[in-house]
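Below is structure.cif, holding mmCIF, C-alpha atoms and all ligand atoms.
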data_model
#
loop_
_atom_site.label_atom_id
_atom_site.label_comp_id
_atom_site.auth_asym_id
_atom_site.auth_seq_id
_atom_site.Cartn_x
_atom_site.Cartn_y
_atom_site.Cartn_z
CA MET A 933 -11.75 3.58 -23.28
CA ALA A 934 -13.30 5.84 -20.66
CA VAL A 935 -10.84 7.39 -18.23
CA ARG A 936 -10.71 5.41 -14.97
CA ALA A 937 -13.10 2.73 -16.17
CA GLY A 938 -11.73 0.38 -13.54
CA LEU A 939 -8.87 -2.02 -13.87
CA ILE A 940 -10.85 -5.05 -15.04
CA ALA A 941 -12.19 -3.02 -17.99
CA ARG A 942 -8.70 -1.74 -18.70
CA TRP A 943 -6.61 -4.90 -18.31
CA ARG A 944 -9.21 -7.62 -18.88
CA ALA A 945 -7.03 -9.68 -21.26
CA ARG A 946 -4.34 -9.98 -18.57
CA LEU A 947 -6.71 -10.86 -15.73
CA PRO A 948 -8.48 -14.09 -14.76
CA VAL A 949 -11.95 -12.89 -15.78
CA GLY A 950 -14.27 -14.22 -18.46
CA PRO A 951 -17.36 -12.94 -20.24
CA ARG A 952 -19.58 -14.31 -17.49
CA THR A 953 -17.66 -12.80 -14.59
CA PRO A 954 -19.86 -10.16 -12.92
CA VAL A 955 -17.59 -7.13 -12.61
CA VAL A 956 -17.69 -5.47 -9.20
CA THR A 957 -15.83 -2.19 -9.54
CA LEU A 958 -15.50 1.25 -8.01
CA HIS A 959 -13.36 2.36 -10.98
CA GLU A 960 -10.14 1.74 -9.06
CA GLY A 961 -6.64 2.05 -10.50
CA ASP A 962 -5.18 4.66 -12.89
CA THR A 963 -3.59 6.40 -9.93
CA PRO A 964 -1.17 9.30 -10.47
CA LEU A 965 2.59 8.84 -10.73
CA VAL A 966 4.09 12.13 -9.60
CA PRO A 967 7.72 13.27 -9.42
CA ALA A 968 9.23 13.91 -5.99
CA PRO A 969 12.11 16.34 -6.63
CA ARG A 970 12.80 17.25 -3.01
CA LEU A 971 12.88 13.66 -1.87
CA ALA A 972 15.12 12.91 -4.86
CA ARG A 973 17.55 15.65 -3.83
CA ARG A 974 17.70 14.25 -0.31
CA ALA A 975 18.61 10.90 -1.86
CA GLY A 976 21.36 12.59 -3.92
CA LEU A 977 19.47 12.06 -7.19
CA GLY A 978 18.29 14.38 -9.97
CA PRO A 979 14.89 16.12 -9.92
CA GLU A 980 13.29 13.60 -12.29
CA ALA A 981 14.69 10.45 -10.72
CA VAL A 982 12.08 9.69 -8.06
CA TRP A 983 8.37 9.10 -8.68
CA LEU A 984 5.53 8.44 -6.27
CA LYS A 985 2.69 6.08 -7.17
CA LEU A 986 -0.20 7.53 -5.19
CA GLU A 987 -2.22 4.46 -4.32
CA GLY A 988 -4.01 6.37 -1.58
CA LEU A 989 -6.13 7.85 -4.39
CA ASN A 990 -7.91 4.57 -5.02
CA PRO A 991 -11.64 4.54 -4.11
CA THR A 992 -11.21 3.38 -0.51
CA GLY A 993 -7.85 5.07 -0.11
CA SER A 994 -5.40 2.21 -0.55
CA PHE A 995 -3.98 -0.17 -3.17
CA LYS A 996 -6.09 -2.98 -1.70
CA ASP A 997 -8.90 -1.96 -4.10
CA ARG A 998 -6.90 -3.33 -7.03
CA GLY A 999 -6.97 -6.83 -5.64
CA MET A 1000 -10.45 -6.51 -4.24
CA THR A 1001 -12.22 -5.73 -7.52
CA VAL A 1002 -10.92 -9.01 -8.94
CA ALA A 1003 -11.34 -11.08 -5.75
CA VAL A 1004 -14.93 -9.96 -5.11
CA SER A 1005 -15.91 -10.32 -8.78
CA LYS A 1006 -14.56 -13.87 -8.76
CA ALA A 1007 -16.25 -14.64 -5.44
CA LEU A 1008 -19.58 -13.53 -6.87
CA GLU A 1009 -18.99 -15.58 -10.02
CA ALA A 1010 -18.27 -18.64 -7.86
CA GLY A 1011 -21.54 -18.20 -5.97
CA ALA A 1012 -20.15 -16.95 -2.65
CA ARG A 1013 -22.65 -15.46 -0.22
CA GLY A 1014 -20.11 -13.61 1.87
CA VAL A 1015 -16.49 -12.50 2.01
CA LEU A 1016 -14.16 -12.95 4.92
CA CYS A 1017 -10.77 -11.42 5.67
CA ALA A 1018 -8.21 -10.75 8.36
CA SER A 1019 -6.88 -7.24 8.12
CA THR A 1020 -4.65 -4.58 9.62
CA GLY A 1021 -7.38 -2.20 8.37
CA ASN A 1022 -7.15 -1.43 4.69
CA THR A 1023 -8.15 -4.86 3.43
CA ALA A 1024 -11.21 -4.64 5.68
CA ALA A 1025 -12.14 -1.17 4.38
CA SER A 1026 -11.77 -2.33 0.79
CA ALA A 1027 -13.53 -5.69 1.23
CA ALA A 1028 -16.40 -3.93 2.97
CA ALA A 1029 -16.87 -1.44 0.14
CA TYR A 1030 -16.73 -4.02 -2.66
CA ALA A 1031 -18.95 -6.44 -0.73
CA ALA A 1032 -21.50 -3.66 -0.23
CA ARG A 1033 -21.47 -3.04 -3.97
CA ALA A 1034 -21.86 -6.74 -4.70
CA GLY A 1035 -24.59 -7.28 -2.11
CA LEU A 1036 -22.47 -9.78 -0.17
CA ARG A 1037 -22.04 -10.19 3.56
CA CYS A 1038 -18.64 -9.12 4.83
CA VAL A 1039 -16.92 -10.24 8.02
CA VAL A 1040 -13.58 -8.69 8.96
CA LEU A 1041 -11.19 -9.98 11.62
CA LEU A 1042 -9.06 -7.21 13.10
CA PRO A 1043 -6.27 -7.19 15.71
CA ASP A 1044 -7.94 -5.54 18.69
CA GLY A 1045 -6.57 -2.06 19.35
CA ALA A 1046 -4.14 -1.99 16.41
CA VAL A 1047 -6.26 -0.64 13.56
CA ALA A 1048 -6.22 3.01 12.43
CA LEU A 1049 -9.46 4.82 13.21
CA GLY A 1050 -10.38 5.79 9.65
CA LYS A 1051 -10.04 2.23 8.35
CA LEU A 1052 -12.34 0.83 11.03
CA ALA A 1053 -14.82 3.65 10.34
CA GLN A 1054 -14.82 2.76 6.64
CA ALA A 1055 -15.42 -0.95 7.24
CA LEU A 1056 -18.30 -0.23 9.61
CA ALA A 1057 -19.80 2.44 7.35
CA HIS A 1058 -19.99 -0.09 4.51
CA GLY A 1059 -21.81 -2.52 6.77
CA ALA A 1060 -19.06 -5.02 7.50
CA GLU A 1061 -19.38 -7.13 10.64
CA ALA A 1062 -16.21 -6.50 12.62
CA VAL A 1063 -14.65 -9.07 14.90
CA MET A 1064 -11.92 -7.78 17.19
CA VAL A 1065 -9.43 -10.58 17.74
CA ARG A 1066 -7.45 -10.69 20.98
CA GLY A 1067 -4.21 -11.23 19.16
CA ASN A 1068 -2.27 -9.80 16.22
CA PHE A 1069 -2.86 -9.89 12.46
CA ASP A 1070 -1.20 -13.29 12.12
CA ASP A 1071 -3.66 -14.75 14.65
CA ALA A 1072 -6.57 -13.16 12.79
CA LEU A 1073 -5.39 -14.56 9.45
CA ARG A 1074 -5.18 -18.04 10.96
CA LEU A 1075 -8.83 -17.75 12.07
CA ALA A 1076 -9.95 -16.45 8.68
CA ARG A 1077 -8.16 -19.21 6.76
CA GLY A 1078 -9.67 -21.86 8.98
CA ALA A 1079 -13.22 -20.58 8.55
CA ALA A 1080 -13.26 -19.78 4.83
CA THR A 1081 -15.23 -22.74 3.54
CA GLY A 1082 -18.53 -23.27 1.74
CA THR A 1083 -20.12 -20.02 0.63
CA TRP A 1084 -17.49 -17.85 2.37
CA ALA A 1085 -14.77 -16.49 0.09
CA LEU A 1086 -11.46 -15.54 1.71
CA VAL A 1087 -10.29 -12.24 0.22
CA ASN A 1088 -6.89 -11.92 1.87
CA SER A 1089 -3.87 -11.76 -0.42
CA VAL A 1090 -3.50 -15.54 -0.10
CA ASN A 1091 -6.41 -15.40 -2.57
CA PRO A 1092 -4.59 -15.50 -5.93
CA HIS A 1093 -7.10 -13.10 -7.51
CA ARG A 1094 -5.89 -10.36 -5.17
CA ILE A 1095 -2.34 -10.62 -6.50
CA GLU A 1096 -3.63 -10.64 -10.07
CA GLY A 1097 -5.50 -7.38 -9.55
CA GLN A 1098 -2.62 -5.74 -7.73
CA LYS A 1099 -0.11 -6.49 -10.50
CA THR A 1100 -1.87 -3.88 -12.68
CA ALA A 1101 -0.11 -1.11 -10.73
CA ALA A 1102 3.14 -2.24 -12.38
CA PHE A 1103 1.46 -2.06 -15.82
CA GLU A 1104 0.48 1.54 -15.11
CA VAL A 1105 4.00 2.48 -14.02
CA VAL A 1106 5.47 0.99 -17.19
CA GLU A 1107 2.88 2.84 -19.26
CA ALA A 1108 3.63 6.16 -17.54
CA LEU A 1109 7.44 5.93 -17.73
CA GLY A 1110 7.60 4.10 -21.07
CA ARG A 1111 9.63 1.35 -19.38
CA ALA A 1112 10.05 -0.28 -16.01
CA PRO A 1113 11.95 1.82 -13.45
CA ASP A 1114 15.43 0.76 -12.29
CA TYR A 1115 14.32 0.47 -8.67
CA HIS A 1116 10.91 -0.02 -7.08
CA PHE A 1117 10.58 0.76 -3.35
CA LEU A 1118 7.56 -0.34 -1.33
CA PRO A 1119 6.54 -1.34 2.19
CA VAL A 1120 6.25 -5.04 2.99
CA GLY A 1121 3.67 -6.42 5.39
CA ASN A 1122 2.01 -9.65 4.35
CA ALA A 1123 4.17 -9.39 1.19
CA GLY A 1124 1.34 -9.67 -1.33
CA ASN A 1125 2.11 -6.36 -2.99
CA ILE A 1126 5.81 -6.95 -3.64
CA THR A 1127 4.78 -10.29 -5.14
CA ALA A 1128 2.18 -8.60 -7.33
CA TYR A 1129 4.45 -5.82 -8.64
CA TRP A 1130 7.18 -8.29 -9.50
CA ARG A 1131 4.69 -10.38 -11.47
CA GLY A 1132 3.33 -7.26 -13.17
CA TYR A 1133 6.76 -6.05 -14.27
CA ARG A 1134 7.68 -9.47 -15.64
CA GLU A 1135 4.41 -9.69 -17.57
CA ALA A 1136 4.73 -6.13 -18.92
CA GLY A 1137 8.04 -7.12 -20.54
CA LYS A 1138 9.60 -3.65 -20.56
CA GLY A 1139 12.48 -4.21 -18.19
CA ARG A 1140 12.78 -5.31 -14.57
CA PRO A 1141 13.40 -3.09 -11.57
CA ARG A 1142 15.29 -4.13 -8.48
CA MET A 1143 12.51 -4.81 -5.97
CA MET A 1144 13.29 -2.91 -2.77
CA GLY A 1145 10.96 -3.98 0.06
CA TRP A 1146 10.90 -2.38 3.53
CA GLN A 1147 9.63 -3.77 6.79
CA ALA A 1148 9.34 -1.91 10.10
CA ALA A 1149 12.27 -2.83 12.35
CA GLY A 1150 9.93 -4.20 15.05
CA ALA A 1151 8.05 -6.30 12.50
CA ALA A 1152 10.76 -7.51 10.16
CA PRO A 1153 10.47 -11.31 9.92
CA ILE A 1154 11.88 -11.52 6.38
CA VAL A 1155 14.91 -9.42 7.30
CA ARG A 1156 15.54 -11.42 10.50
CA GLY A 1157 14.87 -14.72 8.75
CA ARG A 1158 12.30 -15.96 11.26
CA PRO A 1159 8.68 -15.24 12.23
CA ILE A 1160 8.26 -12.51 14.85
CA PRO A 1161 5.69 -13.66 17.43
CA ASP A 1162 4.97 -10.14 18.76
CA PRO A 1163 5.47 -7.67 15.90
CA GLU A 1164 5.50 -4.06 17.07
CA THR A 1165 5.35 -0.84 15.05
CA ALA A 1166 3.18 2.26 14.98
CA ALA A 1167 2.94 1.68 11.21
CA THR A 1168 0.01 -0.66 11.81
CA ALA A 1169 -0.56 -1.67 8.16
CA ILE A 1170 2.76 -3.52 8.20
CA ARG A 1171 2.57 -4.86 11.77
CA ILE A 1172 2.85 -8.49 10.62
CA GLY A 1173 5.14 -11.17 12.02
CA ASN A 1174 4.63 -14.07 9.63
CA PRO A 1175 3.91 -12.87 6.06
CA ALA A 1176 1.74 -15.19 3.96
CA SER A 1177 3.73 -14.45 0.79
CA TRP A 1178 7.15 -14.79 2.43
CA LYS A 1179 8.55 -17.19 -0.20
CA GLU A 1180 7.25 -15.08 -3.08
CA ALA A 1181 8.82 -11.96 -1.56
CA LEU A 1182 12.20 -13.70 -1.37
CA ALA A 1183 11.83 -14.75 -4.99
CA ALA A 1184 11.01 -11.15 -6.03
CA ARG A 1185 14.05 -9.91 -4.11
CA ASP A 1186 16.47 -12.51 -5.44
CA GLU A 1187 15.28 -12.69 -9.05
CA SER A 1188 15.34 -8.90 -9.34
CA GLY A 1189 18.68 -8.35 -7.57
CA GLY A 1190 16.86 -6.24 -5.00
CA LEU A 1191 16.71 -6.30 -1.24
CA ILE A 1192 14.34 -6.40 1.71
CA GLY A 1193 15.46 -4.17 4.55
CA ALA A 1194 14.21 -2.77 7.83
CA VAL A 1195 13.58 0.82 8.88
CA GLY A 1196 12.83 1.98 12.41
CA ASP A 1197 9.63 3.76 13.38
CA ALA A 1198 11.53 7.03 13.89
CA ALA A 1199 12.77 6.91 10.28
CA ILE A 1200 9.30 5.94 9.03
CA PHE A 1201 7.65 8.85 10.83
CA ALA A 1202 10.36 11.27 9.69
CA ALA A 1203 9.71 10.23 6.07
CA TYR A 1204 5.95 10.50 6.67
CA ALA A 1205 6.42 14.12 7.80
CA LEU A 1206 8.84 14.89 4.98
CA LEU A 1207 6.47 13.67 2.27
CA ALA A 1208 3.68 15.79 3.72
CA ARG A 1209 5.75 18.93 4.29
CA GLU A 1210 8.04 18.92 1.27
CA GLU A 1211 6.15 17.02 -1.43
CA GLY A 1212 2.55 17.87 -0.46
CA VAL A 1213 1.66 14.20 -0.28
CA PHE A 1214 -0.13 12.91 2.79
CA CYS A 1215 0.24 9.15 3.01
CA GLU A 1216 -0.16 6.86 5.97
CA PRO A 1217 2.89 5.96 8.08
CA SER A 1218 3.25 2.45 6.64
CA SER A 1219 3.44 3.90 3.14
CA ALA A 1220 6.30 6.14 4.20
CA ALA A 1221 8.43 3.05 4.89
CA SER A 1222 9.21 3.15 1.16
CA ALA A 1223 10.60 6.70 1.43
CA ALA A 1224 12.45 5.86 4.65
CA GLY A 1225 13.94 2.89 2.81
CA LEU A 1226 14.96 5.08 -0.12
CA LEU A 1227 16.79 7.51 2.18
CA ALA A 1228 18.46 4.69 4.13
CA PHE A 1229 19.60 3.02 0.90
CA ALA A 1230 20.91 6.33 -0.50
CA ARG A 1231 22.78 7.11 2.74
CA ARG A 1232 24.53 3.73 2.52
CA GLY A 1233 25.73 4.68 -0.97
CA GLY A 1234 23.26 2.38 -2.71
CA PHE A 1235 22.93 4.70 -5.70
CA LYS A 1236 26.71 5.24 -6.11
CA LYS A 1237 26.81 3.17 -9.28
CA ALA A 1238 23.35 4.15 -10.49
CA PRO A 1239 23.30 5.16 -14.17
CA LYS A 1240 22.54 8.73 -15.20
CA GLY A 1241 18.82 8.97 -15.86
CA VAL A 1242 18.08 6.38 -13.18
CA ARG A 1243 14.35 5.98 -12.50
CA VAL A 1244 13.08 5.12 -9.04
CA VAL A 1245 9.43 4.49 -8.18
CA LEU A 1246 7.99 4.42 -4.66
CA THR A 1247 4.54 3.04 -3.94
CA LEU A 1248 2.70 5.15 -1.38
CA THR A 1249 0.23 2.46 -0.45
CA GLY A 1250 -2.44 4.32 1.53
CA ASN A 1251 -3.97 7.72 2.26
CA GLY A 1252 -2.87 9.73 5.30
CA LEU A 1253 -6.47 10.63 6.19
CA LYS A 1254 -7.07 7.07 7.34
CA ASP A 1255 -4.93 7.51 10.41
CA PRO A 1256 -5.71 10.79 12.21
CA LYS A 1257 -4.00 9.64 15.44
CA SER A 1258 -0.66 9.32 13.64
CA ALA A 1259 -1.23 12.70 12.01
CA GLU A 1260 -1.44 14.23 15.48
CA THR A 1261 2.21 13.31 16.01
CA LEU A 1262 3.28 15.56 13.11
CA PRO A 1263 4.80 18.93 14.02
CA SER A 1264 2.00 21.49 13.78
CA ARG A 1265 1.20 25.11 14.60
CA VAL A 1266 -2.18 25.96 16.03
CA ARG A 1267 -2.99 29.27 17.69
CA ARG A 1268 -6.24 30.61 19.09
CA CYS A 1269 -7.64 33.98 18.07
CA ALA A 1270 -10.54 36.19 19.06
CA ALA A 1271 -13.09 36.78 16.27
CA ASP A 1272 -11.67 40.27 15.84
CA PRO A 1273 -9.83 41.73 12.78
CA ALA A 1274 -7.24 43.64 14.78
CA ALA A 1275 -6.42 40.60 16.86
CA PHE A 1276 -6.02 38.50 13.72
CA ARG A 1277 -3.74 41.11 12.09
CA ARG A 1278 -1.53 41.12 15.18
CA LEU A 1279 -1.41 37.35 15.12
CA LEU A 1280 -0.48 37.26 11.41
CA GLY A 1281 2.36 39.70 12.02
CA SER A 1282 3.80 37.67 14.87
CA ARG A 1283 5.45 34.28 14.61
C1 LIG A 1301 -1.65 -3.74 3.07
C2 LIG A 1301 -0.76 -2.56 3.22
C3 LIG A 1301 0.64 -2.67 3.17
C4 LIG A 1301 1.35 -3.98 3.08
O1 LIG A 1301 1.13 -4.65 1.87
P1 LIG A 1301 1.39 -6.23 1.78
O2 LIG A 1301 0.85 -6.61 0.47
O3 LIG A 1301 0.64 -6.83 2.93
O4 LIG A 1301 2.86 -6.43 1.92
C5 LIG A 1301 1.39 -1.52 3.24
N1 LIG A 1301 0.81 -0.31 3.37
C6 LIG A 1301 -0.52 -0.16 3.44
C7 LIG A 1301 -1.10 1.19 3.58
C8 LIG A 1301 -1.35 -1.28 3.35
O5 LIG A 1301 -2.67 -1.12 3.42
#
Will you turn the file into structure tokens for me?
Amino acid sequence: MAVRAGLIARWRARLPVGPRTPVVTLHEGDTPLVPAPRLARRAGLGPEAVWLKLEGLNPTGSFKDRGMTVAVSKALEAGARGVLCASTGNTAASAAAYAARAGLRCVVLLPDGAVALGKLAQALAHGAEAVMVRGNFDDALRLARGAATGTWALVNSVNPHRIEGQKTAAFEVVEALGRAPDYHFLPVGNAGNITAYWRGYREAGKGRPRMMGWQAAGAAPIVRGRPIPDPETAATAIRIGNPASWKEALAARDESGGLIGAVGDAAIFAAYALLAREEGVFCEPSSAASAAGLLAFARRGGFKKAPKGVRVVLTLTGNGLKDPKSAETLPSRVRRCAADPAAFRRLLGSR
């Protein structure tokens, strides 16, 4: 099998595709799983305990591509003429790219003013028609669900083909580690991904991690046990007040003996900076909720009874380049210099 042939080619037997399904792929999946020794030390664990699944290295820069290759292939097979989605940004970027490749129309509904710049740029570059909804993601999803009839295919994670595609990330983790990890940390927004990983681990049949999902404190409906009408967080990818896969997320939590917790924006942004500065990994703020969750769980003594050789995987869901405005909040050093060698030498010598 060619390296990075795309996840339908790689996992076809475990996916809902047949010989007549037209495969729409950008050769997504097969993302790196890299150790994070400094983060592990901060969590009081050994240097080989914590691993990062770098989903920001998918073709459009987020894990959404895994679900989209299957959803758009199936939409094309079913005779759809266009795809429709509500999005906090990454679903739109991904749908737009795969629709462009499939020759389908793409309409994306976005919460006005709450989408990272790079994600909007991607969707527009791929020719998607953007609709800015005066409301939040939950409002946009309601509109999308209501309009997805006839030749429009809805490609949000309420589309079961999205979850099927996304479960392949768990297959890859099991393949890389030789077994399932003991814990899997990830951010939770609409809760499709936690649902997908849990399904993937069960299907892989090499052990079951505790599923550790993290919401932003200002957008934590599952933690609070009720929908949040006005979710607020600077981690816009998880700014969701009424997750579509709420029930499935609870099942993943309870069946795995895991938990779904909340982390504040300050902790999320601290973890975002830490990953960039100490691990060399630039993810988007929402992705860093998994690392913030890891540190919060460790601080509470969550790993006290963890076995020696414990394996912990964190999904870093999206690429930091998507959100330049958030990157501007990171501590940085910029100095100006004349185009003059002596001036530059002086500057290098000073701090
Ligand atoms: C979509 C997304 C999430 C949330 O995933 P859900 O499946 O909606 O829970 C988290 N981080 C990033 C970067 C995303 O794009």
**Request:** Would you mind telling me which residue in A:Phe1117, A:Tyr1133, A:Phe1276, A:Trp1146 lies nearest to A:Leu984 when using only C-alpha atoms?
**Result:** A:Phe1117
Hey, could you pull the box centre and edge lengths for stretch 1150-1156 of chain A, axis-aligned, 8 Å padding per side, all listed atoms, to one decimal in Å, as AutoDock Vina command-line options?
--center_x 11.8 --center_y -7.9 --center_z 10.7 --size_x 23.5 --size_y 23.3 --size_z 24.7
**Interatomic distance (Å, one decimal) between atom CA of A:Arg1066 and atom CA of A:Ala1259** =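 Interatomic distance, atom CA of A:Arg1066 to atom CA of A:Ala1259: 25.8 Å.
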**Request:** Work out how far atom CA of A:Gly1252 is from atom CA of A:Phe1201, in Å to one decimal.
**Result:**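 Computing it gives 11.9 Å between the two atoms.
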**Item:** Proximity to A:Arg1140 - best of A:Ala1027, A:Ala1184, A:Ala1220, A:Ala1101, all atoms listed in the file
**Value:**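 Between A:Ala1027, A:Ala1184, A:Ala1220, A:Ala1101, the residue approaching A:Arg1140 most closely is A:Ala1184.
Among A:Leu1073, A:Val1242, A:Ile1095, A:Val1040, the residue with the shortest atom-to-atom distance to ligand LIG 1301 (chain A), counting all atoms listed in the file, is A:Ile1095.
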Select from chain A every residue with an atom at most 8 Å from any atom of ligand LIG 1301 (chain A), then for each give the shortest pair of atoms and their distance in Å to one decimal, using only C-alpha atoms and all ligand atoms, rows by chain and rising number, as CSV.
residue,atom,partner,partner_atom,distance
A:Gly988,CA,A:LIG1301,C7,7.9
A:Ser994,CA,A:LIG1301,O5,5.9
A:Phe995,CA,A:LIG1301,O5,6.8
A:Lys996,CA,A:LIG1301,O5,6.4
A:Thr1020,CA,A:LIG1301,C1,7.3
A:Gly1021,CA,A:LIG1301,O5,6.9
A:Asn1022,CA,A:LIG1301,O5,4.7
A:Thr1023,CA,A:LIG1301,C1,6.6
A:Ser1089,CA,A:LIG1301,O2,7.0
A:Leu1118,CA,A:LIG1301,C5,7.8
A:Pro1119,CA,A:LIG1301,C5,5.3
A:Val1120,CA,A:LIG1301,O4,3.8
A:Gly1121,CA,A:LIG1301,O4,3.6
A:Asn1122,CA,A:LIG1301,O3,3.4
A:Ala1123,CA,A:LIG1301,O4,3.3
A:Gly1124,CA,A:LIG1301,O2,3.6
A:Asn1125,CA,A:LIG1301,O2,3.7
A:Ile1126,CA,A:LIG1301,O4,6.3
A:Thr1127,CA,A:LIG1301,O2,7.8
A:Ala1169,CA,A:LIG1301,C8,4.9
A:Ile1170,CA,A:LIG1301,C4,5.3
A:Pro1175,CA,A:LIG1301,O3,7.5
A:Glu1216,CA,A:LIG1301,C7,6.2
A:Pro1217,CA,A:LIG1301,C7,7.7
A:Ser1218,CA,A:LIG1301,N1,4.9
A:Ser1219,CA,A:LIG1301,N1,5.0
A:Leu1248,CA,A:LIG1301,C7,7.4
A:Thr1249,CA,A:LIG1301,C7,4.4
A:Gly1250,CA,A:LIG1301,C7,4.0
A:Asn1251,CA,A:LIG1301,C7,7.3
**Request:** Could you pull out every residue with an atom within 10 Å of (-16.4, -17.0, -0.8), file coordinates, counting all atoms listed in the file, and send them as a ChimeraX atom specification?
**Result:** /A:1003-1004,1006-1016,1036-1038,1080-1087
**Message:** Need to verify the contact set: A:Asp962, 8 Å, all atoms listed in the file, exclusion of same-chain residues closer than 2 positions in sequence. Can you return it as a list in words?
**Reply:** Arg936, Gly938, Leu939, Glu960, Pro964, Ala1101 and Glu1104 of chain A
**Item:** Selected residue of minimal separation from A:Arg1134 among A:Asp997, A:Glu1187, A:Glu1210, A:Asp1071, counting only C-alpha atoms
**Value:**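 Looking at the shortest contact to A:Arg1134, the residue is A:Glu1187.
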**9 Å contact set for A:Ala1102, all atoms listed in the file, chain neighbours under 5 positions out, as a PyMOL selection string** = chain A and resi 1107+1112+1128-1133+1136
